Structures are given as structure tokens and as C-alpha cells.
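File shown: entry10.tsv (TSV, C-alpha atoms).
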chain	number	residue	atom	x	y	z
A	316	ASP	CA	0.00	0.00	0.00
A	317	ALA	CA	2.00	2.98	-1.30
A	318	GLY	CA	-0.33	5.67	0.06
A	319	ILE	CA	0.91	9.08	-0.91
A	320	THR	CA	4.34	9.67	-2.39
A	321	GLN	CA	6.31	12.72	-3.42
A	322	SER	CA	9.25	13.16	-5.73
A	323	PRO	CA	11.90	14.27	-5.65
A	324	ARG	CA	12.55	14.14	-1.91
A	325	TYR	CA	15.35	16.70	-2.19
A	326	LYS	CA	15.94	19.31	-4.86
A	327	ILE	CA	18.45	22.09	-5.30
A	328	THR	CA	17.83	24.57	-8.08
A	329	GLU	CA	18.79	28.07	-9.11
A	330	THR	CA	16.81	31.27	-9.15
A	331	GLY	CA	14.73	31.61	-12.28
A	332	ARG	CA	14.52	27.94	-13.13
A	333	GLN	CA	11.27	26.04	-13.46
A	334	VAL	CA	10.79	23.21	-10.99
A	335	THR	CA	8.02	20.63	-10.77
A	336	LEU	CA	7.28	18.68	-7.62
A	337	MET	CA	5.30	15.49	-8.05
A	338	CYS	CA	2.63	14.02	-5.81
A	339	HIS	CA	0.91	10.68	-6.30
A	340	GLN	CA	-1.73	8.98	-4.14
A	341	THR	CA	-3.14	5.48	-4.42
A	342	TRP	CA	-6.30	5.90	-2.32
A	343	SER	CA	-8.44	7.62	-4.99
A	344	HIS	CA	-9.06	10.47	-2.55
A	345	SER	CA	-11.00	13.33	-4.08
A	346	TYR	CA	-9.08	16.11	-2.37
A	347	MET	CA	-5.41	16.87	-2.74
A	348	PHE	CA	-3.39	19.72	-1.26
A	349	TRP	CA	-0.03	21.38	-1.46
A	350	TYR	CA	1.45	23.02	1.63
A	351	ARG	CA	4.74	24.67	2.38
A	352	GLN	CA	6.29	24.59	5.83
A	353	ASP	CA	8.64	27.32	7.00
A	354	LEU	CA	10.01	28.17	10.42
A	355	GLY	CA	7.65	30.45	12.29
A	356	HIS	CA	4.76	29.93	9.89
A	357	GLY	CA	3.53	26.41	10.28
A	358	LEU	CA	2.03	24.75	7.25
A	359	ARG	CA	0.46	27.10	4.74
A	360	LEU	CA	-1.83	26.01	1.95
A	361	ILE	CA	-0.61	26.81	-1.56
A	362	TYR	CA	-3.24	25.16	-3.75
A	363	TYR	CA	-5.83	22.46	-3.39
A	364	SER	CA	-7.96	20.36	-5.68
A	365	ALA	CA	-11.40	18.93	-5.01
A	366	ALA	CA	-11.34	16.57	-7.99
A	367	ALA	CA	-9.67	16.06	-11.34
A	368	ASP	CA	-9.60	19.31	-13.33
A	369	ILE	CA	-10.78	21.33	-10.32
A	370	THR	CA	-8.16	23.41	-8.52
A	371	ASP	CA	-8.25	26.49	-6.34
A	372	LYS	CA	-5.88	28.84	-4.61
A	373	GLY	CA	-4.94	28.58	-0.99
A	374	GLU	CA	-3.28	31.07	1.30
A	375	VAL	CA	0.03	31.53	-0.58
A	376	PRO	CA	-0.46	30.70	-4.31
A	377	ASP	CA	1.76	33.35	-5.93
A	378	GLY	CA	4.56	31.90	-8.03
A	379	TYR	CA	3.04	28.42	-8.17
A	380	VAL	CA	0.96	26.53	-10.72
A	381	VAL	CA	-0.89	23.25	-10.28
A	382	SER	CA	-2.79	20.85	-12.47
A	383	ARG	CA	-4.85	17.75	-11.85
A	384	SER	CA	-5.52	15.82	-15.03
A	385	LYS	CA	-5.79	12.53	-13.13
A	386	THR	CA	-7.26	11.93	-9.68
A	387	GLU	CA	-4.08	10.32	-8.39
A	388	ASN	CA	-1.59	13.00	-9.44
A	389	PHE	CA	-1.24	16.60	-8.35
A	390	PRO	CA	2.00	18.22	-9.56
A	391	LEU	CA	3.15	21.60	-8.27
A	392	THR	CA	5.23	23.80	-10.56
A	393	LEU	CA	7.37	26.76	-9.59
A	394	GLU	CA	7.43	28.69	-12.85
A	395	SER	CA	10.48	30.80	-12.01
A	396	ALA	CA	11.94	29.77	-8.68
A	397	THR	CA	12.92	32.44	-6.16
A	398	ARG	CA	14.95	32.14	-2.97
A	399	SER	CA	11.84	32.82	-0.91
A	400	GLN	CA	10.45	29.54	-2.22
A	401	THR	CA	13.12	27.58	-0.39
A	402	SER	CA	10.99	25.45	1.89
A	403	VAL	CA	9.69	22.00	2.70
A	404	TYR	CA	6.71	21.13	0.52
A	405	PHE	CA	4.10	18.63	1.65
A	406	CYS	CA	1.41	17.10	-0.45
A	407	ALA	CA	-1.70	15.75	1.28
A	408	SER	CA	-4.92	14.03	0.35
A	409	SER	CA	-8.27	13.49	2.01
A	410	GLU	CA	-11.78	12.33	1.37
A	411	LEU	CA	-14.52	14.76	2.34
A	412	GLN	CA	-17.52	13.05	3.91
A	413	GLY	CA	-20.47	15.34	3.48
A	414	ALA	CA	-19.53	18.69	4.97
A	415	ARG	CA	-17.18	17.14	7.48
A	416	THR	CA	-13.48	17.35	6.99
A	417	ASP	CA	-11.83	13.99	6.98
A	418	THR	CA	-8.25	13.31	7.97
A	419	GLN	CA	-5.57	14.68	5.70
A	420	TYR	CA	-2.79	12.23	4.91
A	421	PHE	CA	0.56	13.74	4.14
A	422	GLY	CA	3.33	12.66	1.84
A	423	PRO	CA	6.93	12.53	3.11
A	424	GLY	CA	7.75	16.01	1.84
A	425	THR	CA	10.14	17.57	-0.66
A	426	ARG	CA	12.97	19.73	0.62
A	427	LEU	CA	13.57	22.43	-1.98
A	428	THR	CA	16.51	24.80	-1.92
A	429	VAL	CA	16.66	27.70	-4.36
A	430	LEU	CA	20.13	29.21	-4.69
B	150	ARG	CA	-3.72	37.89	13.88
B	151	LYS	CA	-2.96	34.25	13.15
B	152	GLU	CA	-5.86	31.83	12.85
B	153	VAL	CA	-4.17	29.40	15.21
B	154	GLU	CA	-1.57	30.17	17.85
B	155	GLN	CA	0.50	27.82	19.93
B	156	ASP	CA	3.29	28.15	22.45
B	157	PRO	CA	6.32	26.94	20.45
B	158	GLY	CA	8.04	25.58	23.53
B	159	PRO	CA	10.27	23.71	23.73
B	160	PHE	CA	8.88	21.64	26.55
B	161	ASN	CA	11.51	19.41	28.12
B	162	VAL	CA	9.99	16.93	30.54
B	163	PRO	CA	11.25	13.79	32.29
B	164	GLU	CA	9.86	10.37	31.45
B	165	GLY	CA	6.64	9.70	33.30
B	166	ALA	CA	5.69	13.36	33.59
B	167	THR	CA	2.37	14.85	32.58
B	168	VAL	CA	2.52	17.70	30.09
B	169	ALA	CA	-0.19	19.90	28.62
B	170	PHE	CA	-0.24	22.04	25.50
B	171	ASN	CA	-2.72	24.77	24.71
B	172	CYS	CA	-3.72	26.30	21.44
B	173	THR	CA	-5.98	29.26	20.72
B	174	TYR	CA	-7.95	29.96	17.57
B	175	SER	CA	-9.29	33.27	16.36
B	176	ASN	CA	-12.44	32.35	14.45
B	177	SER	CA	-15.36	31.55	16.70
B	178	ALA	CA	-17.13	29.82	13.79
B	179	SER	CA	-14.41	27.17	13.54
B	180	GLN	CA	-15.88	23.76	12.93
B	181	SER	CA	-13.36	21.01	13.61
B	182	PHE	CA	-10.24	20.66	15.66
B	183	PHE	CA	-7.31	18.29	15.53
B	184	TRP	CA	-3.93	17.54	16.99
B	185	TYR	CA	-1.27	16.32	14.58
B	186	ARG	CA	2.13	14.97	15.49
B	187	GLN	CA	5.23	15.70	13.45
B	188	ASP	CA	8.54	13.96	14.04
B	189	CYS	CA	11.76	15.69	13.06
B	190	ARG	CA	12.05	15.96	9.26
B	191	LYS	CA	8.93	13.86	8.76
B	192	GLU	CA	5.38	14.52	7.63
B	193	PRO	CA	2.57	15.46	10.02
B	194	LYS	CA	0.29	12.63	11.10
B	195	LEU	CA	-3.09	12.85	12.76
B	196	LEU	CA	-2.84	12.18	16.50
B	197	MET	CA	-6.47	12.76	17.40
B	198	SER	CA	-9.54	14.78	16.61
B	199	VAL	CA	-10.91	17.04	19.33
B	200	TYR	CA	-14.59	16.79	20.12
B	201	SER	CA	-16.75	19.21	22.07
B	202	SER	CA	-17.20	16.72	24.89
B	203	GLY	CA	-13.49	16.05	25.12
B	204	ASN	CA	-11.94	12.76	24.18
B	205	GLU	CA	-9.27	10.40	25.38
B	206	ASP	CA	-7.03	7.96	23.57
B	207	GLY	CA	-4.82	6.04	25.94
B	208	ARG	CA	-2.42	8.49	27.56
B	209	PHE	CA	-3.66	11.38	25.44
B	210	THR	CA	-6.61	13.60	26.31
B	211	ALA	CA	-7.92	16.43	24.14
B	212	GLN	CA	-10.27	19.14	25.32
B	213	LEU	CA	-12.12	21.91	23.52
B	214	ASN	CA	-13.30	25.13	25.13
B	215	ARG	CA	-15.44	26.98	22.59
B	216	ALA	CA	-16.23	29.87	24.92
B	217	SER	CA	-12.55	30.71	25.34
B	218	GLN	CA	-11.58	29.46	21.89
B	219	TYR	CA	-8.84	27.14	22.90
B	220	ILE	CA	-8.04	23.48	22.67
B	221	SER	CA	-5.66	21.49	24.79
B	222	LEU	CA	-3.70	18.27	24.64
B	223	LEU	CA	-2.70	16.43	27.80
B	224	ILE	CA	-0.11	13.68	27.70
B	225	ARG	CA	0.17	11.50	30.77
B	226	ASP	CA	3.08	9.23	31.69
B	227	SER	CA	5.31	10.68	28.97
B	228	LYS	CA	7.44	8.26	26.99
B	229	LEU	CA	10.67	8.94	25.14
B	230	SER	CA	8.76	8.13	21.95
B	231	ASP	CA	6.41	11.07	22.59
B	232	SER	CA	9.22	13.46	21.67
B	233	ALA	CA	7.95	15.33	18.62
B	234	THR	CA	6.31	18.55	17.55
B	235	TYR	CA	2.57	18.74	18.17
B	236	LEU	CA	0.53	20.77	15.70
B	237	CYS	CA	-2.81	22.30	16.56
B	238	VAL	CA	-5.09	22.29	13.51
B	239	VAL	CA	-8.41	24.06	13.09
B	240	ASN	CA	-10.95	23.83	10.31
B	241	VAL	CA	-12.30	27.33	10.06
B	242	ARG	CA	-15.20	26.48	7.78
B	243	ALA	CA	-16.85	23.32	6.53
B	244	GLY	CA	-14.86	21.76	3.75
B	245	ALA	CA	-11.52	20.09	3.47
B	246	ASN	CA	-9.70	23.15	2.17
B	247	ASN	CA	-9.99	25.24	5.29
B	248	LEU	CA	-7.47	23.73	7.68
B	249	PHE	CA	-5.17	26.13	9.46
B	250	PHE	CA	-2.11	24.82	11.20
B	251	GLY	CA	-0.38	26.19	14.24
B	252	THR	CA	3.39	26.50	14.18
B	253	GLY	CA	3.69	23.59	16.58
B	254	THR	CA	4.84	22.93	20.12
B	255	ARG	CA	8.03	20.98	20.46
B	256	LEU	CA	8.21	18.32	23.17
B	257	THR	CA	11.34	16.52	24.30
B	258	VAL	CA	10.97	13.73	26.84
B	259	ILE	CA	14.18	13.23	28.77
B	260	PRO	CA	15.29	9.86	30.21

Serialized structure, C-alpha cells:
Amino acid sequence: DAGITQSPRYKITETGRQVTLMCHQTWSHSYMFWYRQDLGHGLRLIYYSAAADITDKGEVPDGYVVSRSKTENFPLTLESATRSQTSVYFCASSELQGARTDTQYFGPGTRLTVL
Amino acid sequence: RKEVEQDPGPFNVPEGATVAFNCTYSNSASQSFFWYRQDCRKEPKLLMSVYSSGNEDGRFTAQLNRASQYISLLIRDSKLSDSATYLCVVNVRAGANNLFFGTGTRLTVIP
């Protein structure tokens, strides 16, 4: 049972480059999320998706792009990486039951450094 | 003002001690409340949901005080394996996209 996986686990890139972080889940959860975690800020939502082809902005979406062509995949792209995007990125998934939030399951994270 | 605020700690306690963490939230309309645990350099994992009546899971007890807008986590008989960062999480509105995470309270249990 693979659950939710992220790749790469570690990435070093340079300012201005495009970077794509991958997220894959095997549970067929409807909802998927991208968070970033920085010291002093906790986890902050970047984008989320309620289903394939449905995405919406979270708290800190600027500089990021997402897509969801398949239920199981939710890639996050940094179009032109900046140093302020150095962070740990977590992907998560959940299944909403009615109006009640279900547990979010997190991937292992991607540590991104932008030089 | 942050949606969720926690004392960052660190809390350093001896094995067997009882330790309590508090967390306050700003939106009185918040719907659901959770405690997540995060080990160093790992992903957060759900520890327990927090219900209005309070709930217990082994050595862990969670309480919710809606009037004062805070939730608490009590850990009894601390174990070395309890060392982690504990994240307070609040769902501000119905729907899975409205979770707000506290910055976490770091606990170290000392032998």
C-alpha cells in the first residue's frame, strides 16, 4: 500500500529555473493539497484540488501553478523559482464526507533549496 | 492575527511526567479541531480529533473550550517516543480546504 508519495525528496535549483514537484496517491481520494512549511509559519496552503480538473488557490499561491488531469496526481510547478520559495513542501490528500473534513494524509515532503 | 496560535516551547519533561499544551484559535465559527504529530524531518500525522465533549485515547486527552476558543492536549506518563512537535489544527469552515495549522509545540521527553 503505497499511500501518498512525493518526488523528488530533495531538490536544489537556481533562481529563475522552473521546478516541478510530483505528488501521487493510491487511495483515490478526491481532495489533494499542497502546503509549504517554513520556520515560524507552520504549514500554509498553496493550492488544493477537489477533484480532477478542479483546482483552487490557498493562502500563498503566488509563483506556483498546479494541475490535476488525473485523480491520483497533483504536480506543483514553480514557474520561475525564487529564494523565498526555499521550503519543505508537503502534499496531502483526504476524502470529504459530506460537509465534514476527513483526515488529511501527508506525503513525506520535498525539501527544496533555491540558490 | 494568526488563525491558530501555539506556544512553540520547547517543553523538556522527564519520562513519566504529565505535560499539557494549549492552542488558541481566532475564528469563533471554527468547525473542527485536531492535533497532529510531526517527528523531526517527517510529515505530520493525525494524532487525534478534538470533540466538544473532550476525548481520550490512551495516555492522550484532548479538550475543547469553545467559549474561550482554545483546545488542549494532555499527555500522561510521557514516553521517550512522545518526543515530537505537536501541531494544533483548526478547520475554520466546513470543507476540506480550510485547515489552518499552528506552528507547533516541540516536546522533548528526557530519560

*Counting only C-alpha atoms, the residue of A:Met347, A:Ile327, A:Leu358, A:Ala367 that sits nearest chain B*: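 Of A:Met347, A:Ile327, A:Leu358, A:Ala367, the one nearest chain B, counting only C-alpha atoms, is A:Leu358.
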
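In this structure, atom CA of Arg359 of chain A sits 24.6 Å away from atom CA of Ser217 of chain B.
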
List every residue of chain B that has an atom at most 12 Å from any atom of chain A, giving for each one its closest atom pair and the distance in Å to one decimal, counting only C-alpha atoms, sorted by chain and then by ascending residue number, as CSV.
residue,atom,partner,partner_atom,distance
B:Lys151,CA,A:His356,CA,9.4
B:Glu152,CA,A:Gly357,CA,11.1
B:Val153,CA,A:Gly357,CA,9.6
B:Glu154,CA,A:Gly357,CA,9.9
B:Gln155,CA,A:Gly357,CA,10.2
B:Asp156,CA,A:Gly355,CA,11.3
B:Pro157,CA,A:Gly355,CA,9.0
B:Ser179,CA,A:Thr416,CA,11.8
B:Gln180,CA,A:Arg415,CA,8.7
B:Ser181,CA,A:Thr416,CA,7.6
B:Phe182,CA,A:Thr416,CA,9.8
B:Phe183,CA,A:Thr418,CA,9.1
B:Trp184,CA,A:Thr418,CA,10.9
B:Tyr185,CA,A:Gln419,CA,10.0
B:Arg186,CA,A:Phe421,CA,11.5
B:Gln187,CA,A:Phe421,CA,10.6
B:Asp188,CA,A:Pro423,CA,11.1
B:Cys189,CA,A:Pro423,CA,11.5
B:Arg190,CA,A:Gly424,CA,8.6
B:Lys191,CA,A:Pro423,CA,6.1
B:Glu192,CA,A:Pro423,CA,5.2
B:Pro193,CA,A:Phe421,CA,6.4
B:Lys194,CA,A:Tyr420,CA,6.9
B:Leu195,CA,A:Thr418,CA,7.1
B:Leu196,CA,A:Thr418,CA,10.2
B:Met197,CA,A:Thr418,CA,9.6
B:Ser198,CA,A:Thr418,CA,8.9
B:Thr234,CA,A:Gly357,CA,11.1
B:Tyr235,CA,A:Gly357,CA,11.0
B:Leu236,CA,A:Gly357,CA,8.4
B:Cys237,CA,A:Gly357,CA,9.8
B:Val238,CA,A:Leu358,CA,9.8
B:Val239,CA,A:Thr416,CA,10.4
B:Asn240,CA,A:Thr416,CA,7.7
B:Val241,CA,A:Thr416,CA,10.5
B:Arg242,CA,A:Thr416,CA,9.3
B:Ala243,CA,A:Ala414,CA,5.6
B:Gly244,CA,A:Thr416,CA,5.6
B:Ala245,CA,A:Thr416,CA,4.9
B:Asn246,CA,A:Tyr363,CA,6.8
B:Asn247,CA,A:Gly373,CA,8.7
B:Leu248,CA,A:Leu360,CA,8.4
B:Phe249,CA,A:Arg359,CA,7.4
B:Phe250,CA,A:Leu358,CA,5.7
B:Gly251,CA,A:Gly357,CA,5.6
B:Thr252,CA,A:Gly357,CA,3.9
B:Gly253,CA,A:Gly357,CA,6.9
B:Thr254,CA,A:Gly357,CA,10.5

*d(atom CA of Tyr325 of chain A, atom CA of Met337 of chain A) in Å*: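 About the pair atom CA of Tyr325 of chain A and atom CA of Met337 of chain A: they are 11.7 Å apart.
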
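For the choices B:Arg215, B:Arg255, B:Lys228, B:Arg208, the atom-to-atom distance to Tyr174 of chain B is smallest for B:Arg215 when using all atoms listed in the file.
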